[in-house]
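Asks: Below are the structure tokens for one structure; questions will follow.
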Amino acid sequence: MSQAYAAHGGEIAEQQDRAKLGMWMFLASEVMFFTGFLAAYVALRMAAAPGVIKPEALDWKIATFNTIVLITSSLTMALGVNAVQGGDIRGLKRNLLFTILLGVTFLVVKGFEYGAKFSHDPPILPSTDIFYGTYFVLTGFHGLHVLGGIVALSLTWLYAARGRFSTRWYAPVENVGLYWHFVDVVWIFLFPVLYLLPA
Amino acid sequence: MTHIATKGFYVKVFLALMVATGITVAVSRIHLGHGGNIALGLAIAVTKAALVAAFFMHLKYDRGWVRVFAFYPLGLFLILLFALWPDIAFRFGDAARHWVAG
């Protein structure tokens with residue numbers, strides 16, 4: 001495919017723009033996916049009796065650490081796209097690897113956070129009460145998105161290693177980047193809404 | 001066409017996000033009133049999200065349909081949240097506060 005387009009540089013640029021638009025349409029649907037769960041939590045906050053919403057029961061320190069990890073991963077992702085735009089494939093691969101490692105770090109830390117809840121006596125589970133139900137649903141689906149992003153980033157790294165990308169064709173890098181930044185934006189909201197804001 | 005920023009610019013955006021994260025944690029430890037803490041926490045989150053969208057996601061340099069598809073779900077998001085609000089605030093009133101007590 002890339003050879004057919006090679007004779008038509010303008011078409012590559014157009015195809016890249018269309019691919020990007022497709023990713024933004026997907027992200028629009030993703031916004032609505034998280035809106036449903038977030039709306040459930042907002043409704044709960046507005047309607048709940050005192051004591052039902054208990055952000056103080058969550059570990060804001062571990063969440064702050066994870067916020068720093070995810071924002072740093074957004075920087076390495078942006079630097080990766082920047083590298084391929086400048087034709088630096090080694091820089092692209094290095095930054096994709098950093099982004100993957102930071103994503104894995106986020107999930108490991110999230111694992112410890114969940115572990116502390118599960119090993120609590122009595123165990124804190126999604127079924128414990130409606131507050132923990134929404135907490136596990138929101139952070140759980142976000143965590144699954146991080147996992148999906150790690151898979152997509154790993155495939156992008158493999159393609160980069162096989163020399164698929166150039167300054168003229170890097171749509172998959174740009175699109176996995178958009179997805180990764182979106183997942184970061186979701187966490188930027190989940191962090192204060194779940195862990196910091198008073199009940 | 002495609003806008004290419006410098007690496008230093010992305011680092012500056014990153015540093016701004018880090019400072020904003022520090023501020024949001026710091027102000028959450030200070031009592032500004034229930035509404036004050038919530039408003040400030042959300043305002044900082046919106047600012048951070050705008051920084052990521054504008055610069056990391058290049059939305060500042062995108063035009064046309066990309067902008068349409070970036071902004072229209074935000075409208076739907078607000079409609080959905082505001083559609084819930086009167087139902088809970090006016091219809092259930094105090095009863096709602098006990099409705100999910102258990």
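Here, A, B, ... name the chains of the structure tokens in the order displayed, residue numbers run from 1 inside each chain, and ligands are numbered from 1 in the same displayed order.
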Taking only residues of chain B that have an atom at most 7 Å from an atom of chain A, what is each one's shortest atom pair and its distance in Å to one decimal, using only C-alpha atoms, in chain and number order, as JSON lines?
Replies:
{"residue": "B:Ile4", "atom": "CA", "partner": "A:Asn82", "partner_atom": "CA", "distance": 6.9}
{"residue": "B:Lys7", "atom": "CA", "partner": "A:Leu79", "partner_atom": "CA", "distance": 6.5}
{"residue": "B:Tyr10", "atom": "CA", "partner": "A:Leu75", "partner_atom": "CA", "distance": 6.7}
{"residue": "B:Phe14", "atom": "CA", "partner": "A:Leu75", "partner_atom": "CA", "distance": 6.2}
{"residue": "B:Ser28", "atom": "CA", "partner": "A:Leu196", "partner_atom": "CA", "distance": 5.9}
{"residue": "B:His34", "atom": "CA", "partner": "A:Pro198", "partner_atom": "CA", "distance": 6.4}
{"residue": "B:Asn37", "atom": "CA", "partner": "A:Leu197", "partner_atom": "CA", "distance": 6.5}
{"residue": "B:Ile38", "atom": "CA", "partner": "A:Leu197", "partner_atom": "CA", "distance": 5.5}
{"residue": "B:Gly41", "atom": "CA", "partner": "A:Pro192", "partner_atom": "CA", "distance": 6.3}
{"residue": "B:Ala45", "atom": "CA", "partner": "A:Phe189", "partner_atom": "CA", "distance": 5.8}
{"residue": "B:Ala49", "atom": "CA", "partner": "A:Val185", "partner_atom": "CA", "distance": 5.4}
{"residue": "B:Val52", "atom": "CA", "partner": "A:His181", "partner_atom": "CA", "distance": 6.9}
{"residue": "B:Phe56", "atom": "CA", "partner": "A:Ala78", "partner_atom": "CA", "distance": 5.7}
{"residue": "B:Met57", "atom": "CA", "partner": "A:Leu178", "partner_atom": "CA", "distance": 5.7}
{"residue": "B:Val66", "atom": "CA", "partner": "A:Leu21", "partner_atom": "CA", "distance": 5.5}
{"residue": "B:Phe69", "atom": "CA", "partner": "A:Met25", "partner_atom": "CA", "distance": 5.8}
{"residue": "B:Ala70", "atom": "CA", "partner": "A:Trp24", "partner_atom": "CA", "distance": 6.4}
{"residue": "B:Pro73", "atom": "CA", "partner": "A:Ala28", "partner_atom": "CA", "distance": 5.5}
{"residue": "B:Phe77", "atom": "CA", "partner": "A:Thr35", "partner_atom": "CA", "distance": 6.2}
{"residue": "B:Leu81", "atom": "CA", "partner": "A:Ala39", "partner_atom": "CA", "distance": 6.0}
{"residue": "B:Leu84", "atom": "CA", "partner": "A:Ala43", "partner_atom": "CA", "distance": 6.9}
{"residue": "B:Ile88", "atom": "CA", "partner": "A:Ala47", "partner_atom": "CA", "distance": 6.4}
{"residue": "B:Ala96", "atom": "CA", "partner": "A:Ala47", "partner_atom": "CA", "distance": 5.2}
{"residue": "B:Arg97", "atom": "CA", "partner": "A:Ala49", "partner_atom": "CA", "distance": 4.5}
{"residue": "B:His98", "atom": "CA", "partner": "A:Ala49", "partner_atom": "CA", "distance": 5.4}
{"residue": "B:Val100", "atom": "CA", "partner": "A:Ala48", "partner_atom": "CA", "distance": 5.4}
{"residue": "B:Ala101", "atom": "CA", "partner": "A:Ala49", "partner_atom": "CA", "distance": 5.0}
Asks: Hey, what does DSSP flag as alpha helix (DSSP H) within chain B? Can you give it to me as JSON, numbers by chain?
Replies: {"B": [7, 8, 9, 10, 11, 12, 13, 14, 15, 16, 17, 18, 19, 20, 21, 22, 23, 24, 25, 26, 27, 28, 34, 35, 36, 37, 38, 39, 40, 41, 42, 43, 44, 45, 46, 47, 48, 49, 50, 51, 65, 66, 67, 68, 69, 70, 71, 72, 73, 74, 75, 76, 77, 78, 79, 80, 81, 82, 83, 84, 85, 86, 94, 95, 96, 97, 98, 99]}
Asks: Selected residues, C-alpha atoms, written as an mmCIF file, in the first residue's frame, please.
Replies:
data_model
loop_
_atom_site.group_PDB
_atom_site.id
_atom_site.type_symbol
_atom_site.label_atom_id
_atom_site.label_comp_id
_atom_site.auth_asym_id
_atom_site.auth_seq_id
_atom_site.Cartn_x
_atom_site.Cartn_y
_atom_site.Cartn_z
ATOM 1 C CA LYS B 7 11.154 19.019 22.183
ATOM 2 C CA GLY B 8 11.744 21.891 24.617
ATOM 3 C CA PHE B 9 8.187 23.071 24.092
ATOM 4 C CA TYR B 10 6.783 19.642 25.064
ATOM 5 C CA VAL B 11 8.967 19.652 28.181
ATOM 6 C CA LYS B 12 7.515 23.046 29.138
ATOM 7 C CA VAL B 13 3.959 21.699 28.743
ATOM 8 C CA PHE B 14 4.969 18.716 30.886
ATOM 9 C CA LEU B 15 6.379 20.987 33.602
ATOM 10 C CA ALA B 16 3.169 23.044 33.579
ATOM 11 C CA LEU B 17 1.173 19.801 34.062
ATOM 12 C CA MET B 18 3.420 18.792 36.962
ATOM 13 C CA VAL B 19 3.031 22.188 38.650
ATOM 14 C CA ALA B 20 -0.757 21.958 38.175
ATOM 15 C CA THR B 21 -0.731 18.463 39.741
ATOM 16 C CA GLY B 22 1.197 19.837 42.735
ATOM 17 C CA ILE B 23 -1.267 22.701 43.089
ATOM 18 C CA THR B 24 -4.328 20.441 42.903
ATOM 19 C CA VAL B 25 -2.931 18.176 45.648
ATOM 20 C CA ALA B 26 -1.887 21.170 47.810
ATOM 21 C CA VAL B 27 -5.250 22.965 47.591
ATOM 22 C CA SER B 28 -7.110 19.729 48.363
ATOM 23 C CA HIS B 34 -17.082 22.466 50.109
ATOM 24 C CA GLY B 35 -17.986 24.232 46.851
ATOM 25 C CA GLY B 36 -14.673 26.092 46.732
ATOM 26 C CA ASN B 37 -12.575 22.926 46.905
ATOM 27 C CA ILE B 38 -14.707 21.201 44.267
ATOM 28 C CA ALA B 39 -14.719 24.207 41.907
ATOM 29 C CA LEU B 40 -10.949 24.713 42.191
ATOM 30 C CA GLY B 41 -10.167 20.994 41.820
ATOM 31 C CA LEU B 42 -12.297 20.759 38.672
ATOM 32 C CA ALA B 43 -10.935 24.030 37.256
ATOM 33 C CA ILE B 44 -7.356 22.743 37.570
ATOM 34 C CA ALA B 45 -8.356 19.409 35.966
ATOM 35 C CA VAL B 46 -9.991 21.239 33.034
ATOM 36 C CA THR B 47 -6.852 23.375 32.630
ATOM 37 C CA LYS B 48 -4.612 20.280 32.606
ATOM 38 C CA ALA B 49 -6.875 18.474 30.125
ATOM 39 C CA ALA B 50 -6.862 21.569 27.881
ATOM 40 C CA LEU B 51 -3.035 21.641 27.951
ATOM 41 C CA TRP B 65 -13.667 17.993 11.248
ATOM 42 C CA VAL B 66 -11.043 17.022 13.807
ATOM 43 C CA ARG B 67 -12.080 20.020 15.901
ATOM 44 C CA VAL B 68 -15.763 19.177 15.389
ATOM 45 C CA PHE B 69 -15.239 15.629 16.650
ATOM 46 C CA ALA B 70 -13.066 16.833 19.509
ATOM 47 C CA PHE B 71 -15.630 19.318 20.805
ATOM 48 C CA TYR B 72 -19.037 17.808 20.148
ATOM 49 C CA PRO B 73 -18.699 14.999 22.755
ATOM 50 C CA LEU B 74 -17.900 17.706 25.316
ATOM 51 C CA GLY B 75 -21.314 19.202 24.555
ATOM 52 C CA LEU B 76 -22.948 15.783 24.973
ATOM 53 C CA PHE B 77 -20.996 15.282 28.200
ATOM 54 C CA LEU B 78 -22.356 18.539 29.657
ATOM 55 C CA ILE B 79 -25.918 17.813 28.473
ATOM 56 C CA LEU B 80 -25.844 14.390 30.130
ATOM 57 C CA LEU B 81 -24.542 15.762 33.443
ATOM 58 C CA PHE B 82 -26.921 18.732 33.503
ATOM 59 C CA ALA B 83 -29.839 16.474 32.578
ATOM 60 C CA LEU B 84 -29.233 14.557 35.804
ATOM 61 C CA TRP B 85 -28.931 17.548 38.053
ATOM 62 C CA PRO B 86 -32.526 18.889 38.237
ATOM 63 C CA ASP B 94 -33.902 15.384 50.907
ATOM 64 C CA ALA B 95 -35.504 12.015 50.249
ATOM 65 C CA ALA B 96 -32.767 11.275 47.716
ATOM 66 C CA ARG B 97 -30.138 11.754 50.392
ATOM 67 C CA HIS B 98 -31.526 8.681 52.142
ATOM 68 C CA TRP B 99 -32.380 6.840 48.954
#
Asks: Calculated over only C-alpha atoms, which of the candidates A:Val151, A:Tyr41, A:Lys117, A:Val137 has the smallest distance to Val104 (chain A)?
Replies: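 Checking each of A:Val151, A:Tyr41, A:Lys117, A:Val137 against Val104 (chain A), counting only C-alpha atoms, the winner is A:Val151.
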Asks: Between A:Ala19, A:Leu96, A:Leu138, A:Ala63, which has the minimum distance to Val84 (chain A) (counting only C-alpha atoms)?
Replies: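 Comparing A:Ala19, A:Leu96, A:Leu138, A:Ala63 against Val84 (chain A), the winner is A:Leu96.
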